[in-house]
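Shown next, in C-alpha cells, is the structure this report addresses.
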Amino acid sequence: MESESPQQPDHNAGPVESPEPLSKNARKKLLKQQRWEAKKAEKKAMMKEHKKREAERKKREWEEKLGSLGSEEERQKLIESRKGLRKERMEKRCEEKESKLERLNNARVDGQNIVIDLEFSHLMNPAQLNSLVQQIMYCYAVNGRCPCPAHLWLTGCQGEMQSQLQRLPGYEKWVIDKESRPYVEAFQHQKDNLVYLTADSETELDDLDPKKVYIIGGMVDRNRWKGITLKKAKDQGIQTAKLPIGNYLKMSSSQVLTVNQVVEILLKYLETGDWKASFFQVIPQRKRCGTGSEDNEHDTEEEVDGEGDELEMKRQCIETQGP
C-alpha cells in the first residue's frame, strides 16, 4: 500500500496576509474592555460567594436555635411560627406588587411623561452600554417605589441596547413604554411639548408641566460628546431646559448627571414640589463643591453600582424581576 505523500505547499497561492497590528488607541480600548470584563466577573463571583455564605450562616443559626429547644413540641411550634411569618411576608409582598402595578398603570394614563433617549447607543462601548442598562433598571425600580410615579418611555430602543435590556429578568413585564422609533416619531403630534433636558441649555426649568414630555439623553461619559444633546434638540427644533441646580448648590465639577440621577430628581420633585430637597436627596456629597471632582465616567460607574455598592444596587433593583 502506497504511503500518502505529504501535502506540498501551493506556490501559486498568493502571500498570506498577516492581520494589521492594532493602533495604540485600539490597544488601549481593548485593554480597558478586558479589565472591565475581568472586574465584572470578579464582582459576580464575590456576590455569589457572599450569597452562599449568608445562606450557610442563616441555616446554621436556624439549626442551632432548633437544637437549643428542649422538646419536640417546642421545635414544632417554632417551625410553625416560622412558616406563618413567611406566609405573612409573601402576602405583604403580593399586596405591594399589586399596589405598585396599579400606580404604574395609572401613571401611563395621567403621569408625567419622561423619555430616556437611547439613540446614542452606537457611540458607546460594551461597558458603557452595560452601565446604561443598569441605570435604566434602577430608574424603573425607583419609579415603581415612588408614590407619584412617572410615565416612563424608552425610545430609539434597537440593536445591542435592546438585546441587553431583553436579557434583564422580567423586562418583558415592565410597565414602561418601549419604542424602537425615535421620540420625534413616537410624539409626532406633540412636538411643541417636547423638552430636552440638557446641562448645556441656557433655559432653566422652573417647574414640571404635566403637558410636557421631558427627554433625558441616554449616554454614559458625556464629556467625550459635549453639547451633543443640545445640538440634537436644536437641529430638531425642540425646546431645551436644564435643571436649576446652580440655584441651590455648587457642583464640584460639571452639572452633568447620570440618567438615574436625573430621573430620581424629577420623581422627587413630583413628590415634594421642592427642587432643593430633590437635589440634596439625590446628588451624592462627593459631587458637590468641596468634595473633590471626579471624572464623569467614574461617577457613572459608581452610580450604576448603587453609589459604590453593587450588592445594594442589586437589592434595590430586585423588584424589576416582574411588573
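Scheme for the C-alpha cells: letters A, B, ... for chains in order shown; per-chain residue numbers from 1; ligand numbers from 1 in order shown.
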
- Skipping near chain neighbours, those fewer than 2 positions away, what residues fall within 6 Å of Ile215 (chain A) using only C-alpha atoms, listed as JSON, numbers by chain? {"A": [114, 115, 116, 196, 197]}

At a cut-off of 12 Å, can you tabulate as a Markdown table every residue of region 162-196 of chain A near region 138-145 of chain A together with its closest atom pair and the distance in Å to one decimal, using only C-alpha atoms and ordering rows by chain then number?
```
| residue | atom | partner | partner_atom | distance |
| --- | --- | --- | --- | --- |
| A:Leu168 | CA | A:Tyr138 | CA | 11.8 |
| A:Gly170 | CA | A:Tyr140 | CA | 11.7 |
| A:Tyr171 | CA | A:Tyr140 | CA | 10.0 |
| A:Lys173 | CA | A:Tyr140 | CA | 11.6 |
| A:Trp174 | CA | A:Tyr140 | CA | 8.1 |
| A:Val175 | CA | A:Tyr140 | CA | 8.7 |
| A:Ile176 | CA | A:Tyr140 | CA | 8.0 |
| A:Asp177 | CA | A:Tyr140 | CA | 11.3 |
```

- Task: For Leu165 (chain A), please output as number ranges by chain all residues within 10 Å (counting only C-alpha atoms; exclusion window: fewer than 2 positions along the same chain).
- Result: A: 129-130, 132-134, 136-137, 157-158, 160-163, 167-172

- Message: Among region 109-271 of chain A, which ones does DSSP assign to alpha helix (DSSP H) (computed from the backbone)? Answer as an NGL selection string.
- Response: :A and (109-110 or 126-145 or 159-166 or 183-186 or 228-236 or 259-271)

- Item | Those in region 159-304 of chain A with strand (DSSP E) from DSSP, as a PyMOL selection string | chain A and resi 177-178+194-197+213-217+239-241

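Each of A:Gly159, A:Glu37, A:Val259, A:Leu154 was compared to His122 (chain A) using only C-alpha atoms, and A:Gly159 turns out to be the nearest.
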
Skipping near chain neighbours, those fewer than 4 positions away, what residues fall within 7 Å of Thr155 (chain A) using only C-alpha atoms, listed as a PDB file with all heavy atoms, in the first residue's frame?
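Result written to out-v8.pdb:
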```pdb
ATOM      1  N   VAL A 115     -38.964  60.614  29.050  1.00  0.00           N
ATOM      2  CA  VAL A 115     -38.400  59.771  27.998  1.00  0.00           C
ATOM      3  C   VAL A 115     -36.894  59.609  28.199  1.00  0.00           C
ATOM      4  O   VAL A 115     -36.188  60.583  28.476  1.00  0.00           O
ATOM      5  CB  VAL A 115     -38.661  60.395  26.611  1.00  0.00           C
ATOM      6  CG1 VAL A 115     -37.904  59.635  25.520  1.00  0.00           C
ATOM      7  CG2 VAL A 115     -40.146  60.427  26.312  1.00  0.00           C
ATOM      8  N   ILE A 116     -36.404  58.380  28.069  1.00  0.00           N
ATOM      9  CA  ILE A 116     -34.963  58.132  28.018  1.00  0.00           C
ATOM     10  C   ILE A 116     -34.614  57.849  26.553  1.00  0.00           C
ATOM     11  O   ILE A 116     -35.068  56.863  25.971  1.00  0.00           O
ATOM     12  CB  ILE A 116     -34.554  56.953  28.917  1.00  0.00           C
ATOM     13  CG1 ILE A 116     -34.929  57.253  30.384  1.00  0.00           C
ATOM     14  CG2 ILE A 116     -33.045  56.701  28.812  1.00  0.00           C
ATOM     15  CD1 ILE A 116     -34.662  56.105  31.334  1.00  0.00           C
ATOM     16  N   ASP A 117     -33.854  58.754  25.967  1.00  0.00           N
ATOM     17  CA  ASP A 117     -33.492  58.692  24.550  1.00  0.00           C
ATOM     18  C   ASP A 117     -32.297  57.759  24.362  1.00  0.00           C
ATOM     19  O   ASP A 117     -31.190  58.053  24.808  1.00  0.00           O
ATOM     20  CB  ASP A 117     -33.167  60.112  24.072  1.00  0.00           C
ATOM     21  CG  ASP A 117     -32.604  60.153  22.663  1.00  0.00           C
ATOM     22  OD1 ASP A 117     -32.801  59.163  21.912  1.00  0.00           O
ATOM     23  OD2 ASP A 117     -31.981  61.179  22.306  1.00  0.00           O
ATOM     24  N   LEU A 118     -32.520  56.640  23.682  1.00  0.00           N
ATOM     25  CA  LEU A 118     -31.478  55.623  23.502  1.00  0.00           C
ATOM     26  C   LEU A 118     -30.830  55.660  22.111  1.00  0.00           C
ATOM     27  O   LEU A 118     -30.216  54.692  21.691  1.00  0.00           O
ATOM     28  CB  LEU A 118     -32.071  54.229  23.757  1.00  0.00           C
ATOM     29  CG  LEU A 118     -32.685  54.011  25.144  1.00  0.00           C
ATOM     30  CD1 LEU A 118     -33.263  52.603  25.258  1.00  0.00           C
ATOM     31  CD2 LEU A 118     -31.674  54.274  26.241  1.00  0.00           C
ATOM     32  N   LYS A 178     -41.937  50.939  25.538  1.00  0.00           N
ATOM     33  CA  LYS A 178     -40.698  50.650  24.829  1.00  0.00           C
ATOM     34  C   LYS A 178     -40.921  50.918  23.346  1.00  0.00           C
ATOM     35  O   LYS A 178     -41.749  50.268  22.710  1.00  0.00           O
ATOM     36  CB  LYS A 178     -40.290  49.199  25.055  1.00  0.00           C
ATOM     37  CG  LYS A 178     -40.266  48.798  26.530  1.00  0.00           C
ATOM     38  CD  LYS A 178     -40.473  47.301  26.710  1.00  0.00           C
ATOM     39  CE  LYS A 178     -40.682  46.939  28.158  1.00  0.00           C
ATOM     40  NZ  LYS A 178     -41.094  45.547  28.350  1.00  0.00           N
ATOM     41  N   GLU A 179     -40.185  51.866  22.813  1.00  0.00           N
ATOM     42  CA  GLU A 179     -40.356  52.267  21.421  1.00  0.00           C
ATOM     43  C   GLU A 179     -39.056  52.080  20.648  1.00  0.00           C
ATOM     44  O   GLU A 179     -38.002  52.562  21.069  1.00  0.00           O
ATOM     45  CB  GLU A 179     -40.772  53.745  21.340  1.00  0.00           C
ATOM     46  CG  GLU A 179     -42.232  54.005  21.611  1.00  0.00           C
ATOM     47  CD  GLU A 179     -43.104  53.745  20.369  1.00  0.00           C
ATOM     48  OE1 GLU A 179     -42.537  53.491  19.286  1.00  0.00           O
ATOM     49  OE2 GLU A 179     -44.332  53.811  20.503  1.00  0.00           O
ATOM     50  N   SER A 180     -39.131  51.383  19.524  1.00  0.00           N
ATOM     51  CA  SER A 180     -37.958  51.307  18.652  1.00  0.00           C
ATOM     52  C   SER A 180     -37.812  52.602  17.857  1.00  0.00           C
ATOM     53  O   SER A 180     -36.723  52.964  17.414  1.00  0.00           O
ATOM     54  CB  SER A 180     -38.087  50.119  17.693  1.00  0.00           C
ATOM     55  OG  SER A 180     -39.263  50.249  16.900  1.00  0.00           O
ATOM     56  N   ARG A 181     -38.928  53.352  17.726  1.00  0.00           N
ATOM     57  CA  ARG A 181     -38.900  54.614  16.990  1.00  0.00           C
ATOM     58  C   ARG A 181     -38.245  55.720  17.822  1.00  0.00           C
ATOM     59  O   ARG A 181     -38.284  55.677  19.046  1.00  0.00           O
ATOM     60  CB  ARG A 181     -40.320  55.050  16.628  1.00  0.00           C
ATOM     61  CG  ARG A 181     -41.071  54.107  15.717  1.00  0.00           C
ATOM     62  CD  ARG A 181     -42.484  54.622  15.477  1.00  0.00           C
ATOM     63  NE  ARG A 181     -43.266  54.685  16.722  1.00  0.00           N
ATOM     64  CZ  ARG A 181     -44.443  55.287  16.828  1.00  0.00           C
ATOM     65  NH1 ARG A 181     -44.976  55.896  15.766  1.00  0.00           N
ATOM     66  NH2 ARG A 181     -45.091  55.294  17.973  1.00  0.00           N
ATOM     67  N   PRO A 182     -37.692  56.739  17.156  1.00  0.00           N
ATOM     68  CA  PRO A 182     -37.201  57.904  17.898  1.00  0.00           C
ATOM     69  C   PRO A 182     -38.372  58.644  18.541  1.00  0.00           C
ATOM     70  O   PRO A 182     -39.524  58.498  18.121  1.00  0.00           O
ATOM     71  CB  PRO A 182     -36.564  58.778  16.802  1.00  0.00           C
ATOM     72  CG  PRO A 182     -36.398  57.883  15.617  1.00  0.00           C
ATOM     73  CD  PRO A 182     -37.464  56.851  15.705  1.00  0.00           C
ATOM     74  N   TYR A 183     -38.068  59.442  19.557  1.00  0.00           N
ATOM     75  CA  TYR A 183     -39.139  60.164  20.265  1.00  0.00           C
ATOM     76  C   TYR A 183     -39.871  61.151  19.359  1.00  0.00           C
ATOM     77  O   TYR A 183     -41.052  61.425  19.555  1.00  0.00           O
ATOM     78  CB  TYR A 183     -38.581  60.883  21.499  1.00  0.00           C
ATOM     79  CG  TYR A 183     -37.439  61.825  21.218  1.00  0.00           C
ATOM     80  CD1 TYR A 183     -37.653  63.127  20.772  1.00  0.00           C
ATOM     81  CD2 TYR A 183     -36.126  61.407  21.407  1.00  0.00           C
ATOM     82  CE1 TYR A 183     -36.603  63.978  20.502  1.00  0.00           C
ATOM     83  CE2 TYR A 183     -35.070  62.259  21.136  1.00  0.00           C
ATOM     84  CZ  TYR A 183     -35.298  63.539  20.697  1.00  0.00           C
ATOM     85  OH  TYR A 183     -34.249  64.373  20.424  1.00  0.00           O
TER      86      TYR A 183
END
```

- Message: What's the separation between CA of Glu185 (chain A) and CA of Leu230 (chain A), in Å to one decimal place?
- Response: 18.6 Å
